[in-house]
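Input: a single structure, listed below in structure tokens.
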Amino acid sequence: METSKAIKLKVNGKQLELLAAPNSTLLEILRNNGHVEVKCGCEKGDCGACAVILDGEAVDSCLTLAWIADGSEVQTVKGIGTEATPHPLQTAFIEEGSVQCGYCIPGIIVAAKVLLDENPDPTDSDIRVALSGNLCRCTGYTRIFSAIHKAAQVMREGAQKNG
Amino acid sequence: MLPRFELYQPTTLPEALGMLSETGGNVRPFAGGTNLIPDLRGGREQARKFVSLAGLDDLRFTRFANGRVEIGSLTTVSDLHRSHEVLRNAPALHASATAFAGHMVRCTATIAGNICYGSPSADLLPPLLSLDANVTLASAAGLRILPLSRFNLGYKQTALKPGEMMTQISWPQPARGTVQLFYKLGLRKGDAISVISAAVSLTLKQMVCTHARIALGSVAATVVRAERAEALLLGRELTEKLIGEAAELAADASAPIDDLRASKEYRLHTARVLVRRLLRQAAEGPGEAGSTRRSTEG
Amino acid sequence: MVETVPTATNSPNVQLHQVGKPLIRTDAPNKAYGNTLYAGDLTMPGMLYAKVFRADRPSALIVKVDTARARALEGVRCVLTAWDLPDRLVVTDIPGQTGGKTKNTAQPILAKERVRFFNEPIALIAADSEEIAASARDLIEVEYAPFPGVFDRAEALTAGAPLVDGDANVVAAYKIRKGDTERGFEEADLVIENSFRTQVQEQAFLEPEAGLAWMDDKNVLNIKVSTQVVEHFRAIADALGIPHNRVHIEAMYVGGGFGGKEGLTIEMMLALLAYNTRKPVRLILTREESFVNHGNRHPFTLHYRSGVKKDGRITAMEVRLIADSGAYSKLSPYVLLYATVGAPGPYKVDNLKVDSVVAATNNLSTCAFRGFGTMQACVAYEGQMDEIAKSLGLTPLEVRQKNFIHTGDRNATGQKIESAVWSEQCAIQALEALGERAKGNDVVKIGRGLACYQQSYGRIRWFKDSSEAWVGIEVDGTVIVRCAVTDIGAGQSSSLAQIAAEVLGVPMEKVVTYFGDCTLNPLAGTSSASRALYMTGNATKMAATKVRDNLLEWAGRHFQVPPDDLQLVEFRVTAISDPARSMPIDELARRCAADGVHRHHLAMFKAPTSEGLDPETGQGEVFPDFTYGAHACEVAVDTETGEVTVLKSVGAHDVGQSLNPQSVAGQIEGSALMGQGFALCEEIIQRNGVLVTPSFSEYLIPTSEDVPETKAIILESRSGLGPFGSKGMGEPAFAPVAASIANAVADAIGVRIFELPITSEKVINALARKASGQVKMH
């Protein structure tokens with residue numbers, strides 16, 4: 001049986017070499033290496049709490065084997081923005097009161113980020129489909145939807161100014 | 001936590017096929033893993049050797065040329081959902097990709113994985129069956145092409161032999177004006193396993209049916225075609241009466257079971273309803289290509 | 001220490017500067033940036049990993065537990081079974097509070113002679129890695145002998161049914177006898193009788209139970225855990241046989257609770273392993289373990305018989321309730337009490353008879369869950385209201401208007417309602433907000449539903465609930481609130497910061513709330529029963545007010561004005577009569593410090609108490625007060641497939657005073673979707689006690705694609721017992737939602753589905769019954 005090997009991951013811009021067994025998931029190696037902002041809610045792709053951006057695509061890190069992610073670029077909620085340089089999504093989530101217990105939020109911001117990268121002016125329906133893999137039990141999503149609309153608007157206005 | 005297993009990571013198809021055959025057949029292809037990982041974790045998957053197909057980028061494509069549609073086996077469900085070509089040429093398949101699981105799972109799950117898992121509730125299967133899709137199976141010994149209708153043999157049983165993997169799904173582009181529709185009924189609107197699903201592909205010339213395919217999901221051990229209903233429609237004018245009869249025959253093609261999600265009776269009832277509804281919708285005209293539905297709002 | 005029993009009316013508000021504003025919650029930014037650490041995110045050097053071995057069947061005798069092979073595995077540090085425990089039983093009746101106990105709530109920590117429910121814990125393992133712990137778990141062998149189980153609540157109450165524990169399966173029973181129901185039914189023009197059934201619901205908080213425990217250099221057992229109740233430290237200390245002051249529980253920010261983390265979560269397991277190994281031990285449950293680890297919502301059978309006059313007035317009501325507690329009673333007696341007292345809803349029913357019982361079965365345990373018995377009753381009493389309206393040709397609103405309880409009326413237990421009752425205003429506003437009715441067609445039918453409710457906030461009066469909080473101001477003008485309340489996601493700690501900021505006139509960002517720590521913070525009681533804001537908010541306001549008084553007394557002397565001429569706003573103390581007499585609050589605090597003025601205060605808030613109910617009549621005072629409101633919704637029902645789509649969902653509630661309207665709206669919106677799940681798609685299914693919906697693949701909570709157009713309407717009577725006249729809101733917002741959806745479906749298809757959840761299949765079956773004329777006519 002093959003044992004662990006070092007895999008290369010660029011996580012939030014930082015190149016890492018992490019030890020992973022064939023049966024390690026991306027979720028496990030991220031969390032075991034300090035990226036506990038990636039949450040674990042079900043380990044089977046039902047809840048989306050563990051979502052990360054893997055080479056531009058939102059994936060459930062619990063359903064991604066670490067070896068298969070070898071050589072990839074990973075972005076977690078912390079890579080999307082920080083207190084010093086918040087992403088408009090984070091600002092909007094804070095301002096709109098979209099955060100309650102907060103456990104689903106890292107995954108939801110990941111899914112929303114990928115949506116807005118791809119679709120700067122999403123409809124309500126686009127947002128619903130994009131978040132269909134993210135369970136939130138506290139908010140009823142209403143304020144999450146409004147925050148995503150708001151962030152999209154801020155980003156479009158920003159792009160206009162810069163363009 | 002997953003049980004221990006071995007994972008091989010080939011980067012070319014020949015290498016992958018070699019690994020699949022060398023290990024004496026007790027090795028399984030690993031595509032998106034969105035079913036395999038939960039099954040490994042839940043003790044439902046006993047294999048302990050896997051060949052990861054993630055490195056085979058060449059198998060991730062959608063081609064629309066020369067009257068045929070060819071989809072690489074590692075094309076993700078999300079690729080299908082995002083493809084304007086798929087939306088235009090295979091709207092029912094597009095609708096099933098949109099209704100498939102949740103967003104992140106769509107980004108990882110592959111078309112071949114959905115087919116090869118062999119579940120009767122596989123969302124992509126009814127549209128693919130209604131398109132007369134073929135599947136290409138490769139092994140170290142060579143390729144073979146099989147109609148999809150002969151691939152899924154029973155509940156989680158497929159025609160895939162040890163050492164084989166799926167490389168491509170293809171179908172002839174339907175005649176102009178063919179209406180392709182899909183409808184999925186779940187216990188909730190998002191990220192649901194289908195209670196029942198139906199796909200219809202219908203060509204009408206002055207309301208006379210020149211081509212008909214009807215496929216139903218979650219009503220038997222495999223996704224099924226309602227062949228008697230299809231035969232009934234062929235060459236006839238699509239009247240309300242005919243639609244009703246076809247819906248009855250389609251229900252007869254079902255052999256549903258009671259499970260957590262619904263009873264046998266409910267599935268038989270909705271098999272009739274969905275087929276009737278999709279046929280009626282087809283009779284109303286092709287409309288725009290994407291006139292597919294996944295739920296009943298409005 | 002100030003002790004106050006509040007009266008039911010609060011003085012009109014002074015001008016509020018921060019309360020009532022949608023300020024950014026103190027916890028929101030770090031949660032959005034991914035900085036917040038939850039219990040499962042913690043690690044310690046040398047930490048061990050824990051696993052739980054659980055029974056694979058719901059009812060059996062345990063002949064033998066063989067852990068030898070597990071113990072022998074390299075890297076295994078500890079395997080504990082019931083035989084290793086100093087005290088096999090844990091008693092956690094009335095979590096939190098005063099540590100009160102009643103004998104019949106004792107529950108084995110680990111199963112010993114018998115397994116009483118599916119996946120009951122039998123052994124605990126701690127090992128050097130998670131993998132080793134899991135391997136050790138696989139090596140534990142249990143020999144079982146058959147033992148009959150009982151899985152139906154009605155059957156459990158029949159003579160000869162297998163006994164779950166003790167000598168009877170009756171966990172608790174209550175009765176209410178008020179007025180003369182016989183005469184009431186005689187006076188009635190019409191009698192309507194129906195039976196309703198509600199299912200088991202899973203809290204489905206997103207963060208599974210998790211925690212980390214270790215013994216420290218003071219020989220104190222520390223537990224950082226995801227919990228709603230830090231006061232479990234007492235039960236843990238008792239079970240370990242160590243003094244109470246050697247167990248230190250710190251609740252982290254909790255990733256959702258909804259009642260599911262009110263009972264012991266995994267604190268006891270962590271405590272036992274850390275105490276025995278003397279090493280840090282972490283345990284994180286999987287989702288599947290979480291489902292069986294905490295008690296879910298009680299399923300109820302609710303039989304209602306209502307007598308009404310032609311004008312809709314209720315003349316008598318008879319109610320029979322049967323609930324299922326699962327194997328251990330946990331909080332079942334109280335859940336049943338809530339349902340019993342809440343049985344008539346927000347209506348004045350002078351002739352009332354209620355008989356209720358909760359039965360032990362070998363099903364999964366049921367315990368606290370948002371709505372706590374009351375919301376199940378709401379499904380039934382609001383269903384009855386609509387059936388009455390239909391029979392009499394009245395609108396749902398009209399029949400309710402005839403019966404609403406009002407301020408000054410006496411409720412089911414004879415308790416006088418002291419606060420505002422704005423049921424009618426809420427109902428009217430909720431219905432209005434639905435706007436124009438959607439268009440249906442031959443296949444898709446549109447329906448509307450209304451549900452009103454009465455939901456208590458604050459705990460049962462004879463629990464003698466109290467809460468403490470400490471508020472202090474530092475010499476730089478920053479404020480500290482210390483209060484052991486847990487923050488389960490509704491903004492509990494942020495609300496306290498907002499209250500302190502209001503009272504002391506500092507911006508909210510200058511306040512830090514230290515919460516959820518049972519040793520370093522004053523005990524505040526549970527985050528449950530919609531009591532957190534009511535109780536801890538009052539305690540915080542009292543403490544802050546005392547600090548304010550001390551500061552103003554000094555300032556009054558300094559500025560030579562009476563203290564009540566001074567205001568603390570925008571970080572300044574200013575004389576109203578002479579604004580030139582003013583100084584910044586940091587200077588004020590500094591100068592007070594120099595003069596030895598007390599800049600902090602510990603306050604206790606006590607809820608009103610009573611000594612219990614008359615057991616024969618059920619009369620007496622049960623709760624401090626109630627919240628009233630309404631939920632209205634519009635649904636589309638596909639009559640061919642049975643699919644129900646909620647189009648619009650509106651909650652309108654009198655919250656007394658909203659501290660943070662954004663947070664209040666968040667409670668209403670979240671409740672709308674959780675209630676929708678209960679109404680339509682959520683159901684824990686057990687087959688002979690075996691859970692067959694063990695994860696989020698089978699147990700379906702609403703997703704982003706299920707969300708209707710949702711609206712929150714906030715009314716403010718300022719009549720509540722909470723700070724600034726607020727009322728509890730966490731549960732009330734949830735109480736009427738499922739009932740309103742059930743009513744809307746009945747309105748759409750003209751036939752009622754009496755058993756939740758209303759799946760597509762049940763709709764089709766109901767329509768078939770209607771078509772074949774099998775529907776009961778009144």
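For the structure tokens, the naming scheme is as follows: chains receive sequential letters (A, B, ...) according to their order of presentation, residues are indexed from 1 within each chain, and ligands are indexed from 1 in presentation order.
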query = Using only C-alpha atoms, which chain B residues lie at most 7 Å away from chain C, written as an MDAnalysis selection string?
reply = chainID B and resid 187:190 262 266 270 273 296:297
6 Å contacts from chain B to chain A using only C-alpha atoms, as a list in words = Leu2, Arg4, Leu7, Thr34, Pro38, Gly102, His103, Met104 and Gly190 of chain B
Write out the residues from the selection above, keeping N, CA, C and O atoms, as a compact mmCIF listing (two decimals), in the first residue's frame.
# COMPACT_ATOMS: atom_id res chain seq x y z
N LEU B 2 -11.86 8.47 5.49
CA LEU B 2 -11.98 7.42 4.48
C LEU B 2 -11.10 6.24 4.87
O LEU B 2 -10.05 6.40 5.49
N ARG B 4 -8.39 3.23 4.17
CA ARG B 4 -7.18 3.30 3.36
C ARG B 4 -7.41 2.65 2.00
O ARG B 4 -8.11 1.65 1.90
N LEU B 7 -4.17 4.61 -4.68
CA LEU B 7 -4.64 5.50 -5.74
C LEU B 7 -3.54 5.65 -6.78
O LEU B 7 -2.42 6.05 -6.46
N THR B 34 -17.68 11.92 -6.54
CA THR B 34 -18.75 12.46 -5.69
C THR B 34 -19.70 11.38 -5.17
O THR B 34 -20.40 11.59 -4.19
N PRO B 38 -18.37 9.34 -0.74
CA PRO B 38 -19.37 9.02 0.30
C PRO B 38 -19.55 7.52 0.48
O PRO B 38 -19.76 7.04 1.61
N GLY B 102 -25.92 19.76 -6.04
CA GLY B 102 -25.66 21.16 -5.73
C GLY B 102 -24.49 21.65 -6.56
O GLY B 102 -23.80 20.86 -7.22
N HIS B 103 -24.25 22.95 -6.49
CA HIS B 103 -23.27 23.55 -7.39
C HIS B 103 -21.88 22.91 -7.29
O HIS B 103 -21.27 22.57 -8.30
N MET B 104 -21.36 22.74 -6.10
CA MET B 104 -19.99 22.22 -5.96
C MET B 104 -19.90 20.79 -6.48
O MET B 104 -18.91 20.42 -7.10
N GLY B 190 -34.04 22.19 -4.51
CA GLY B 190 -32.61 22.21 -4.80
C GLY B 190 -31.93 20.95 -4.29
O GLY B 190 -32.38 20.34 -3.32
With 8 Å as the cut-off and only C-alpha atoms counted, what is the closest atom pair between each nearby residue of chain C and chain A? Distances in Å to one decimal, ordered by chain and number, as a tab-separated table.
residue	atom	partner	partner_atom	distance
C:Ile24	CA	A:Glu95	CA	6.2
C:Arg25	CA	A:Gly97	CA	7.6
C:Ala28	CA	A:Ile94	CA	5.6
C:Pro29	CA	A:Ile94	CA	5.8
C:Asn30	CA	A:Glu83	CA	7.9
C:Lys31	CA	A:Gly102	CA	5.5
C:Ala32	CA	A:Gln90	CA	5.5
C:Tyr33	CA	A:Thr82	CA	5.6
C:Gly34	CA	A:Glu37	CA	4.9
C:Asn35	CA	A:Glu37	CA	6.6
C:Thr36	CA	A:Glu37	CA	7.6
C:Leu37	CA	A:Val36	CA	7.7
C:Asp41	CA	A:Val36	CA	5.7
C:Ala204	CA	A:Arg137	CA	7.0
C:Phe205	CA	A:Arg137	CA	6.1
C:Leu206	CA	A:Gly41	CA	5.8
C:Glu207	CA	A:Gly41	CA	5.9
C:Pro208	CA	A:Gly41	CA	6.6
C:Tyr253	CA	A:Cys101	CA	7.5
C:Val254	CA	A:Cys101	CA	6.4
C:Gly255	CA	A:Cys101	CA	4.9
C:Gly256	CA	A:Cys101	CA	5.5
C:Thr286	CA	A:Cys42	CA	6.7
C:Arg287	CA	A:Cys42	CA	5.1
C:Glu288	CA	A:Cys42	CA	7.9
C:Ile488	CA	A:Cys101	CA	6.2
C:Gly489	CA	A:Cys101	CA	3.5
C:Ala490	CA	A:Gln100	CA	5.7
C:Gly491	CA	A:Gln100	CA	6.9
C:Gln662	CA	A:Gly97	CA	6.0
C:Ser663	CA	A:Gly97	CA	6.8
C:Gly666	CA	A:Thr139	CA	5.7
C:Gln667	CA	A:Thr139	CA	7.0
C:Glu669	CA	A:Gly140	CA	5.3
C:Gly670	CA	A:Gly140	CA	4.0
C:Ser671	CA	A:Gly140	CA	7.1
C:Ala672	CA	A:Gly140	CA	6.8
C:Leu673	CA	A:Gly140	CA	5.1
C:Met674	CA	A:Arg137	CA	7.0
C:Ser695	CA	A:Cys42	CA	7.6
C:Phe696	CA	A:Asp46	CA	5.8
C:Ser697	CA	A:Asp46	CA	6.3
C:Ile701	CA	A:Leu135	CA	7.9
C:Pro702	CA	A:Leu135	CA	7.9
C:Thr703	CA	A:Leu135	CA	6.0
C:Ser704	CA	A:Arg128	CA	5.1
C:Glu705	CA	A:Arg128	CA	5.2
C:Val707	CA	A:Gly140	CA	7.0
C:Thr710	CA	A:Thr142	CA	6.9
inquiry  = Residues within 8 Å of region 98-101 of chain B, please, as an NGL selection string. Count only C-alpha atoms; anything in the same chain fewer than 2 positions from it doesn't count.
reply    = (:A and (129 or 132-133)) or (:B and (77-78 or 81 or 94-96 or 103 or 105-106 or 123-124 or 184 or 190-193 or 294))
Produce a file of the selected residues containing N, CA, C and O atoms, as an mmCIF file, in the first residue's frame.
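Result went into selection-v1.cif, see below:
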data_model
loop_
_atom_site.group_PDB
_atom_site.id
_atom_site.type_symbol
_atom_site.label_atom_id
_atom_site.label_comp_id
_atom_site.auth_asym_id
_atom_site.auth_seq_id
_atom_site.Cartn_x
_atom_site.Cartn_y
_atom_site.Cartn_z
ATOM 1 N N VAL A 129 -29.224 28.982 -7.859
ATOM 2 C CA VAL A 129 -28.590 27.790 -8.443
ATOM 3 C C VAL A 129 -27.139 27.691 -7.971
ATOM 4 O O VAL A 129 -26.659 26.613 -7.627
ATOM 5 N N SER A 132 -26.923 26.267 -4.481
ATOM 6 C CA SER A 132 -27.758 25.087 -4.239
ATOM 7 C C SER A 132 -27.032 23.999 -3.462
ATOM 8 O O SER A 132 -27.672 23.098 -2.927
ATOM 9 N N GLY A 133 -25.710 24.084 -3.394
ATOM 10 C CA GLY A 133 -24.977 23.080 -2.614
ATOM 11 C C GLY A 133 -24.538 23.579 -1.259
ATOM 12 O O GLY A 133 -23.752 22.925 -0.582
ATOM 13 N N VAL B 77 -20.493 17.843 -14.827
ATOM 14 C CA VAL B 77 -21.897 18.235 -14.953
ATOM 15 C C VAL B 77 -21.984 19.752 -15.089
ATOM 16 O O VAL B 77 -22.808 20.283 -15.834
ATOM 17 N N SER B 78 -21.084 20.416 -14.397
ATOM 18 C CA SER B 78 -21.061 21.866 -14.485
ATOM 19 C C SER B 78 -20.636 22.333 -15.883
ATOM 20 O O SER B 78 -21.128 23.347 -16.387
ATOM 21 N N HIS B 81 -23.702 22.221 -17.792
ATOM 22 C CA HIS B 81 -24.584 23.313 -17.365
ATOM 23 C C HIS B 81 -24.136 24.649 -17.954
ATOM 24 O O HIS B 81 -24.948 25.495 -18.320
ATOM 25 N N HIS B 94 -29.230 19.622 -20.676
ATOM 26 C CA HIS B 94 -28.848 20.837 -19.965
ATOM 27 C C HIS B 94 -29.704 21.022 -18.718
ATOM 28 O O HIS B 94 -29.195 21.329 -17.632
ATOM 29 N N ALA B 95 -30.990 20.796 -18.878
ATOM 30 C CA ALA B 95 -31.889 20.957 -17.720
ATOM 31 C C ALA B 95 -31.538 19.946 -16.631
ATOM 32 O O ALA B 95 -31.566 20.269 -15.440
ATOM 33 N N SER B 96 -31.192 18.739 -17.044
ATOM 34 C CA SER B 96 -30.869 17.734 -16.024
ATOM 35 C C SER B 96 -29.556 18.083 -15.326
ATOM 36 O O SER B 96 -29.390 17.834 -14.136
ATOM 37 N N HIS B 103 -24.250 22.949 -6.486
ATOM 38 C CA HIS B 103 -23.268 23.547 -7.392
ATOM 39 C C HIS B 103 -21.884 22.910 -7.288
ATOM 40 O O HIS B 103 -21.269 22.573 -8.299
ATOM 41 N N VAL B 105 -20.924 20.005 -6.208
ATOM 42 C CA VAL B 105 -20.913 18.629 -6.705
ATOM 43 C C VAL B 105 -20.962 18.633 -8.235
ATOM 44 O O VAL B 105 -20.260 17.856 -8.888
ATOM 45 N N ARG B 106 -21.736 19.534 -8.807
ATOM 46 C CA ARG B 106 -21.785 19.629 -10.278
ATOM 47 C C ARG B 106 -20.401 19.930 -10.850
ATOM 48 O O ARG B 106 -20.066 19.514 -11.949
ATOM 49 N N ASP B 123 -29.452 11.649 -12.722
ATOM 50 C CA ASP B 123 -30.204 12.712 -13.401
ATOM 51 C C ASP B 123 -29.927 12.793 -14.894
ATOM 52 O O ASP B 123 -30.798 13.134 -15.678
ATOM 53 N N LEU B 124 -28.689 12.521 -15.313
ATOM 54 C CA LEU B 124 -28.346 12.727 -16.717
ATOM 55 C C LEU B 124 -28.864 11.601 -17.611
ATOM 56 O O LEU B 124 -28.935 11.741 -18.824
ATOM 57 N N LYS B 184 -37.812 16.859 -13.437
ATOM 58 C CA LYS B 184 -37.369 16.099 -12.258
ATOM 59 C C LYS B 184 -38.248 16.469 -11.070
ATOM 60 O O LYS B 184 -38.476 17.639 -10.800
ATOM 61 N N GLY B 190 -34.039 22.186 -4.513
ATOM 62 C CA GLY B 190 -32.608 22.206 -4.799
ATOM 63 C C GLY B 190 -31.933 20.946 -4.289
ATOM 64 O O GLY B 190 -32.378 20.341 -3.323
ATOM 65 N N ASP B 191 -30.864 20.554 -4.927
ATOM 66 C CA ASP B 191 -30.003 19.473 -4.458
ATOM 67 C C ASP B 191 -30.789 18.264 -3.952
ATOM 68 O O ASP B 191 -30.567 17.775 -2.851
ATOM 69 N N ALA B 192 -31.703 17.769 -4.786
ATOM 70 C CA ALA B 192 -32.510 16.625 -4.365
ATOM 71 C C ALA B 192 -32.219 15.417 -5.233
ATOM 72 O O ALA B 192 -31.875 15.547 -6.405
ATOM 73 N N ILE B 193 -32.352 14.266 -4.641
ATOM 74 C CA ILE B 193 -32.322 13.033 -5.423
ATOM 75 C C ILE B 193 -33.718 12.876 -6.027
ATOM 76 O O ILE B 193 -34.721 13.131 -5.359
ATOM 77 N N ARG B 294 -37.779 22.180 -14.775
ATOM 78 C CA ARG B 294 -37.351 21.285 -13.718
ATOM 79 C C ARG B 294 -38.319 21.303 -12.557
ATOM 80 O O ARG B 294 -38.289 20.457 -11.699
#
query = Using only C-alpha atoms, which residues sit within 8 Å of Ala343 (chain C) once same-chain residues fewer than 5 positions away are excluded, as a list in words?
reply = Val319, Val354, Thr374, Ala377, Cys378, Tyr381 and Ala412 of chain C
request  = Going by DSSP on the backbone, which bits of region 636-748 of chain C are alpha helix (DSSP H)? Write them as a ChimeraX atom specification, please.
outcome  = /C:661-680,737-748
request  = Considering only C-alpha atoms, return as number ranges by chain whatever protein or nucleic-acid residues lie within 6 Å of region 211-219 of chain B, sequence-local ones (same chain, fewer than 3 positions apart) excluded.
outcome  = B: 120-121, 126, 130, 196-203, 223-226, 230, 254-256
ask   = Interatomic distance between CA of Ala39 (chain C) and CA of Asn35 (chain B)?
value = 29.2 Å
Got a sec: who's within 12 Å of Gln429 (chain C), counting only C-alpha atoms, leaving out chain neighbours fewer than 2 positions off, as a compact mmCIF listing (two decimals) with N, CA, C and O atoms, in the first residue's frame?
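As a result, part-v2.txt now contains:
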# COMPACT_ATOMS: atom_id res chain seq x y z
N LEU C 397 -59.27 35.03 9.07
CA LEU C 397 -59.01 36.16 9.96
C LEU C 397 -60.23 36.42 10.87
O LEU C 397 -60.08 36.64 12.06
N TRP C 422 -50.81 41.79 20.31
CA TRP C 422 -51.07 42.41 19.02
C TRP C 422 -51.29 41.36 17.92
O TRP C 422 -50.88 41.54 16.78
N SER C 423 -51.93 40.27 18.31
CA SER C 423 -52.17 39.20 17.33
C SER C 423 -52.91 39.73 16.10
O SER C 423 -52.54 39.42 14.97
N GLU C 424 -53.94 40.52 16.35
CA GLU C 424 -54.77 40.97 15.24
C GLU C 424 -54.00 41.88 14.29
O GLU C 424 -54.02 41.69 13.08
N GLN C 425 -53.28 42.85 14.86
CA GLN C 425 -52.49 43.73 14.00
C GLN C 425 -51.47 42.94 13.18
O GLN C 425 -51.26 43.20 12.00
N CYS C 426 -50.85 41.99 13.85
CA CYS C 426 -49.83 41.18 13.16
C CYS C 426 -50.47 40.39 12.02
O CYS C 426 -49.93 40.32 10.91
N ALA C 427 -51.62 39.78 12.30
CA ALA C 427 -52.29 38.96 11.28
C ALA C 427 -52.68 39.83 10.08
O ALA C 427 -52.46 39.45 8.93
N LEU C 431 -51.07 39.38 6.31
CA LEU C 431 -51.92 39.07 5.16
C LEU C 431 -51.80 40.15 4.09
O LEU C 431 -51.70 39.85 2.89
N GLU C 432 -51.80 41.41 4.53
CA GLU C 432 -51.68 42.51 3.56
C GLU C 432 -50.39 42.42 2.78
O GLU C 432 -50.35 42.70 1.59
N ALA C 433 -49.34 42.03 3.47
CA ALA C 433 -48.03 42.00 2.83
C ALA C 433 -47.93 40.93 1.74
O ALA C 433 -47.00 40.94 0.94
N LEU C 434 -48.88 40.01 1.74
CA LEU C 434 -48.86 39.01 0.66
C LEU C 434 -49.15 39.65 -0.70
O LEU C 434 -48.82 39.08 -1.73
N GLY C 435 -49.80 40.80 -0.67
CA GLY C 435 -50.03 41.53 -1.91
C GLY C 435 -51.01 40.82 -2.82
O GLY C 435 -51.89 40.09 -2.37
N LEU C 450 -52.86 31.44 7.06
CA LEU C 450 -52.53 32.35 8.15
C LEU C 450 -52.37 31.50 9.41
O LEU C 450 -53.12 30.54 9.59
N GLY C 629 -47.88 37.04 17.46
CA GLY C 629 -47.65 37.49 16.10
C GLY C 629 -48.34 36.57 15.13
O GLY C 629 -49.22 35.78 15.52
N ALA C 630 -47.94 36.66 13.89
CA ALA C 630 -48.62 35.88 12.85
C ALA C 630 -47.68 35.59 11.70
O ALA C 630 -46.71 36.33 11.47
N HIS C 631 -47.97 34.52 11.01
CA HIS C 631 -47.25 34.22 9.78
C HIS C 631 -48.29 33.96 8.69
O HIS C 631 -49.29 33.31 8.94
N ALA C 632 -48.04 34.51 7.52
CA ALA C 632 -48.94 34.28 6.40
C ALA C 632 -48.12 33.86 5.21
O ALA C 632 -46.97 34.27 5.07
N CYS C 633 -48.71 33.02 4.39
CA CYS C 633 -47.96 32.60 3.22
C CYS C 633 -48.89 32.30 2.06
O CYS C 633 -50.11 32.17 2.23
N VAL C 650 -44.48 35.53 4.96
CA VAL C 650 -44.38 36.79 5.71
C VAL C 650 -44.58 36.53 7.19
O VAL C 650 -45.60 35.96 7.60
N GLY C 651 -43.64 36.95 7.99
CA GLY C 651 -43.80 36.89 9.44
C GLY C 651 -44.00 38.29 9.98
O GLY C 651 -43.24 39.20 9.64
N ALA C 652 -45.03 38.48 10.80
CA ALA C 652 -45.25 39.77 11.45
C ALA C 652 -45.37 39.53 12.94
O ALA C 652 -46.23 38.75 13.38
N HIS C 653 -44.50 40.12 13.70
CA HIS C 653 -44.43 39.81 15.13
C HIS C 653 -44.26 41.07 15.97
O HIS C 653 -43.51 41.97 15.58
N ASP C 654 -44.95 41.08 17.10
CA ASP C 654 -44.70 42.15 18.07
C ASP C 654 -43.52 41.72 18.93
O ASP C 654 -43.66 40.85 19.79
N LYS C 711 -40.62 37.99 3.84
CA LYS C 711 -40.68 39.34 4.39
C LYS C 711 -40.84 39.28 5.91
O LYS C 711 -41.58 38.45 6.43
N ALA C 712 -40.14 40.16 6.57
CA ALA C 712 -40.24 40.26 8.04
C ALA C 712 -40.87 41.60 8.41
O ALA C 712 -40.39 42.65 7.96
N ILE C 713 -41.92 41.54 9.19
CA ILE C 713 -42.57 42.78 9.65
C ILE C 713 -42.41 42.84 11.17
O ILE C 713 -42.79 41.91 11.88
N ILE C 714 -41.82 43.93 11.63
CA ILE C 714 -41.53 44.05 13.06
C ILE C 714 -42.46 45.09 13.68
O ILE C 714 -42.48 46.25 13.25
N LEU C 715 -43.24 44.66 14.65
CA LEU C 715 -44.07 45.60 15.41
C LEU C 715 -43.48 45.74 16.80
O LEU C 715 -42.87 44.80 17.32
